[in-house]
$ cat query_21.pdb   # PDB, C-alpha atoms
MODEL        1
ATOM      1  CA  MET A   1     191.142  44.695 225.704  1.00  0.00           C
ATOM      2  CA  SER A   2     192.927  44.870 229.031  1.00  0.00           C
ATOM      3  CA  ILE A   3     193.948  42.062 231.361  1.00  0.00           C
ATOM      4  CA  VAL A   4     193.274  41.916 235.093  1.00  0.00           C
ATOM      5  CA  LYS A   5     195.506  40.364 237.731  1.00  0.00           C
ATOM      6  CA  ILE A   6     194.089  39.741 241.195  1.00  0.00           C
ATOM      7  CA  ASN A   7     196.513  38.729 243.912  1.00  0.00           C
ATOM      8  CA  VAL A   8     194.585  36.992 246.707  1.00  0.00           C
ATOM      9  CA  LEU A   9     196.438  37.520 249.985  1.00  0.00           C
ATOM     10  CA  THR A  10     195.554  35.584 253.124  1.00  0.00           C
ATOM     11  CA  VAL A  11     196.138  38.028 255.975  1.00  0.00           C
ATOM     12  CA  PRO A  12     195.674  37.151 259.652  1.00  0.00           C
ATOM     13  CA  ALA A  13     193.666  39.751 261.593  1.00  0.00           C
ATOM     14  CA  GLU A  14     196.730  40.912 263.551  1.00  0.00           C
ATOM     15  CA  GLN A  15     198.591  41.679 260.280  1.00  0.00           C
ATOM     16  CA  ARG A  16     195.871  43.696 258.500  1.00  0.00           C
ATOM     17  CA  GLU A  17     197.153  47.095 259.610  1.00  0.00           C
ATOM     18  CA  VAL A  18     200.729  46.126 258.694  1.00  0.00           C
ATOM     19  CA  LEU A  19     199.650  45.058 255.192  1.00  0.00           C
ATOM     20  CA  GLU A  20     197.641  48.240 254.604  1.00  0.00           C
ATOM     21  CA  GLN A  21     200.503  50.437 255.822  1.00  0.00           C
ATOM     22  CA  ARG A  22     202.937  48.674 253.497  1.00  0.00           C
ATOM     23  CA  PHE A  23     200.657  49.219 250.519  1.00  0.00           C
ATOM     24  CA  ALA A  24     200.153  52.868 251.512  1.00  0.00           C
ATOM     25  CA  SER A  25     203.915  53.410 251.635  1.00  0.00           C
ATOM     26  CA  ARG A  26     204.335  51.915 248.143  1.00  0.00           C
ATOM     27  CA  ALA A  27     202.105  54.604 246.625  1.00  0.00           C
ATOM     28  CA  GLY A  28     203.367  55.453 243.153  1.00  0.00           C
ATOM     29  CA  ALA A  29     205.496  52.308 242.782  1.00  0.00           C
ATOM     30  CA  VAL A  30     203.465  50.788 239.939  1.00  0.00           C
ATOM     31  CA  GLU A  31     201.663  53.819 238.533  1.00  0.00           C
ATOM     32  CA  GLY A  32     204.512  54.823 236.216  1.00  0.00           C
ATOM     33  CA  SER A  33     204.873  51.363 234.674  1.00  0.00           C
ATOM     34  CA  ASP A  34     204.261  51.047 230.950  1.00  0.00           C
ATOM     35  CA  GLY A  35     200.842  49.521 230.315  1.00  0.00           C
ATOM     36  CA  PHE A  36     199.582  49.983 233.887  1.00  0.00           C
ATOM     37  CA  GLU A  37     195.904  51.023 233.988  1.00  0.00           C
ATOM     38  CA  TRP A  38     194.496  50.591 237.515  1.00  0.00           C
ATOM     39  CA  PHE A  39     195.184  49.461 241.104  1.00  0.00           C
ATOM     40  CA  GLU A  40     192.920  48.751 244.076  1.00  0.00           C
ATOM     41  CA  LEU A  41     193.582  47.120 247.448  1.00  0.00           C
ATOM     42  CA  LEU A  42     190.340  45.523 248.632  1.00  0.00           C
ATOM     43  CA  ARG A  43     189.874  44.848 252.367  1.00  0.00           C
ATOM     44  CA  PRO A  44     187.535  42.004 253.348  1.00  0.00           C
ATOM     45  CA  VAL A  45     184.415  43.134 255.169  1.00  0.00           C
ATOM     46  CA  GLU A  46     183.224  39.809 256.574  1.00  0.00           C
ATOM     47  CA  GLY A  47     183.551  36.065 256.213  1.00  0.00           C
ATOM     48  CA  THR A  48     187.156  35.884 254.963  1.00  0.00           C
ATOM     49  CA  ASP A  49     190.714  36.838 255.807  1.00  0.00           C
ATOM     50  CA  GLN A  50     191.651  37.391 252.167  1.00  0.00           C
ATOM     51  CA  TYR A  51     192.553  40.771 250.720  1.00  0.00           C
ATOM     52  CA  LEU A  52     192.365  41.277 246.954  1.00  0.00           C
ATOM     53  CA  VAL A  53     195.032  43.288 245.145  1.00  0.00           C
ATOM     54  CA  TYR A  54     193.438  44.279 241.830  1.00  0.00           C
ATOM     55  CA  THR A  55     195.556  45.565 238.956  1.00  0.00           C
ATOM     56  CA  ARG A  56     194.581  46.134 235.329  1.00  0.00           C
ATOM     57  CA  TRP A  57     197.102  46.176 232.481  1.00  0.00           C
ATOM     58  CA  ARG A  58     197.087  46.974 228.780  1.00  0.00           C
ATOM     59  CA  SER A  59     198.538  43.514 227.990  1.00  0.00           C
ATOM     60  CA  GLU A  60     200.048  40.380 229.496  1.00  0.00           C
ATOM     61  CA  GLU A  61     203.425  41.527 228.132  1.00  0.00           C
ATOM     62  CA  ASP A  62     203.185  44.807 230.088  1.00  0.00           C
ATOM     63  CA  PHE A  63     202.332  42.917 233.272  1.00  0.00           C
ATOM     64  CA  GLN A  64     205.221  40.482 232.771  1.00  0.00           C
ATOM     65  CA  ALA A  65     207.641  43.351 232.098  1.00  0.00           C
ATOM     66  CA  TRP A  66     206.598  44.944 235.410  1.00  0.00           C
ATOM     67  CA  MET A  67     206.820  41.596 237.247  1.00  0.00           C
ATOM     68  CA  ASN A  68     210.335  40.956 235.914  1.00  0.00           C
ATOM     69  CA  GLY A  69     211.476  44.555 236.347  1.00  0.00           C
ATOM     70  CA  SER A  70     210.466  47.035 239.024  1.00  0.00           C
ATOM     71  CA  MET A  71     208.213  44.646 240.996  1.00  0.00           C
ATOM     72  CA  LYS A  72     210.972  42.047 241.246  1.00  0.00           C
ATOM     73  CA  ALA A  73     213.466  44.709 242.314  1.00  0.00           C
ATOM     74  CA  ALA A  74     211.051  46.123 244.920  1.00  0.00           C
ATOM     75  CA  HIS A  75     210.375  42.695 246.427  1.00  0.00           C
ATOM     76  CA  GLY A  76     213.888  41.350 246.006  1.00  0.00           C
ATOM     77  CA  GLY A  77     215.293  42.607 249.255  1.00  0.00           C
ATOM     78  CA  GLY A  78     216.495  46.178 249.178  1.00  0.00           C
ATOM     79  CA  GLY A  79     218.465  47.722 251.968  1.00  0.00           C
ATOM     80  CA  GLY A  80     221.744  46.270 250.787  1.00  0.00           C
ATOM     81  CA  GLU A  81     223.619  43.050 251.371  1.00  0.00           C
ATOM     82  CA  GLY A  82     222.695  41.297 254.605  1.00  0.00           C
ATOM     83  CA  ALA A  83     219.758  43.622 255.350  1.00  0.00           C
ATOM     84  CA  GLU A  84     216.932  41.927 257.211  1.00  0.00           C
ATOM     85  CA  ARG A  85     213.617  41.935 255.388  1.00  0.00           C
ATOM     86  CA  PRO A  86     210.403  42.521 257.338  1.00  0.00           C
ATOM     87  CA  LYS A  87     208.216  39.499 258.015  1.00  0.00           C
ATOM     88  CA  PRO A  88     205.503  39.085 255.352  1.00  0.00           C
ATOM     89  CA  ALA A  89     202.084  40.347 256.453  1.00  0.00           C
ATOM     90  CA  ALA A  90     200.301  37.723 254.336  1.00  0.00           C
ATOM     91  CA  SER A  91     200.480  34.017 255.090  1.00  0.00           C
ATOM     92  CA  GLY A  92     199.507  32.978 251.555  1.00  0.00           C
ATOM     93  CA  SER A  93     199.156  34.338 248.034  1.00  0.00           C
ATOM     94  CA  THR A  94     197.377  33.204 244.859  1.00  0.00           C
ATOM     95  CA  LEU A  95     197.392  35.058 241.534  1.00  0.00           C
ATOM     96  CA  TRP A  96     194.234  35.055 239.410  1.00  0.00           C
ATOM     97  CA  SER A  97     194.350  36.213 235.765  1.00  0.00           C
ATOM     98  CA  PHE A  98     191.466  37.454 233.627  1.00  0.00           C
ATOM     99  CA  GLU A  99     190.905  39.042 230.235  1.00  0.00           C
ATOM    100  CA  VAL A 100     188.456  41.938 230.088  1.00  0.00           C
ATOM    101  CA  VAL A 101     185.803  40.964 227.530  1.00  0.00           C
ATOM    102  CA  GLN A 102     183.182  43.580 228.434  1.00  0.00           C
ATOM    103  CA  GLN A 103     183.233  46.771 230.447  1.00  0.00           C
ATOM    104  CA  ALA A 104     180.995  49.720 231.223  1.00  0.00           C
ATOM    105  CA  SER A 105     181.327  53.087 232.879  1.00  0.00           C
ATOM    106  CA  PRO A 106     178.664  55.310 234.455  1.00  0.00           C
ATOM    107  CA  LYS A 107     176.459  57.273 232.099  1.00  0.00           C
ATOM    108  CA  ASN A 108     176.888  61.018 232.367  1.00  0.00           C
TER     109      ASN A 108
ENDMDL
END

$ encode --input "query_21.pdb" --output "structure tokens"
Amino acid sequence: MSIVKINVLTVPAEQREVLEQRFASRAGAVEGSDGFEWFELLRPVEGTDQYLVYTRWRSEEDFQAWMNGSMKAAHGGGGGEGAERPKPAASGSTLWSFEVVQQASPKN
């Protein structure tokens, strides 16, 4: 069965639009990765300032390969030597890991 990784991002209200725009501009960045199955960015509706970044992977090995490959390169700077990176939109991040033990889809 698959594994799920949920990155919990603490995002101040004034940075929400920035965070969502950054995720929108990354469209396609993870979708071609081996073992990638699903992505969702979940915006809080009430009672919290935490966004959830949900990804599902075929295996832990596939997730780690992405983390150590294209994800690391994408978050490692870019723009060349001495380029200034934009300020992070999130003020905190926690990664949760789960194994999928049961799942269901809608009946047709």

$ resolve_selection --input "query_21.pdb" --expression "the PyMOL selection byres ((chain A and resi 36) around 8)" --output "list in words"
Val30, Glu31, Gly32, Ser33, Asp34, Gly35, Glu37, Trp38, Thr55, Arg56, Trp57, Arg58, Asp62 and Phe63 of chain A

$ closest_residue --input "query_21.pdb" --among "A:Gln102, A:Gln21, A:Ser91, A:Gln50" --to "Ile6 (chain A)" --atoms "all atoms listed in the file"
A:Gln50

$ resolve_selection --input "query_21.pdb" --expression "the PyMOL selection byres ((chain A and resi 15) around 12)" --output "list in words"
Leu9, Thr10, Val11, Pro12, Ala13, Glu14, Arg16, Glu17, Val18, Leu19, Glu20, Gln21, Arg22, Asp49, Gln50, Tyr51, Lys87, Pro88, Ala89, Ala90 and Ser91 of chain A

$ atom_distance --input "query_21.pdb" --atom1 "CA of Gly28 (chain A)" --atom2 "CA of Val53 (chain A)"
14.9 Å

$ residues_around --input "query_21.pdb" --residues "Asn7 (chain A)" --least-positions-apart "6" --cutoff "9 Å" --atoms "only C-alpha atoms" --output "CSV table (one decimal) with C-alpha atoms, in the coordinates of the input"
chain,number,residue,atom,x,y,z
A,51,TYR,CA,192.6,40.8,250.7
A,52,LEU,CA,192.4,41.3,247.0
A,53,VAL,CA,195.0,43.3,245.1
A,54,TYR,CA,193.4,44.3,241.8
A,55,THR,CA,195.6,45.6,239.0
A,93,SER,CA,199.2,34.3,248.0
A,94,THR,CA,197.4,33.2,244.9
A,95,LEU,CA,197.4,35.1,241.5
A,96,TRP,CA,194.2,35.1,239.4
A,97,SER,CA,194.4,36.2,235.8

$ atom_distance --input "query_21.pdb" --atom1 "CA of Gly69 (chain A)" --atom2 "CA of Ser25 (chain A)"
19.2 Å
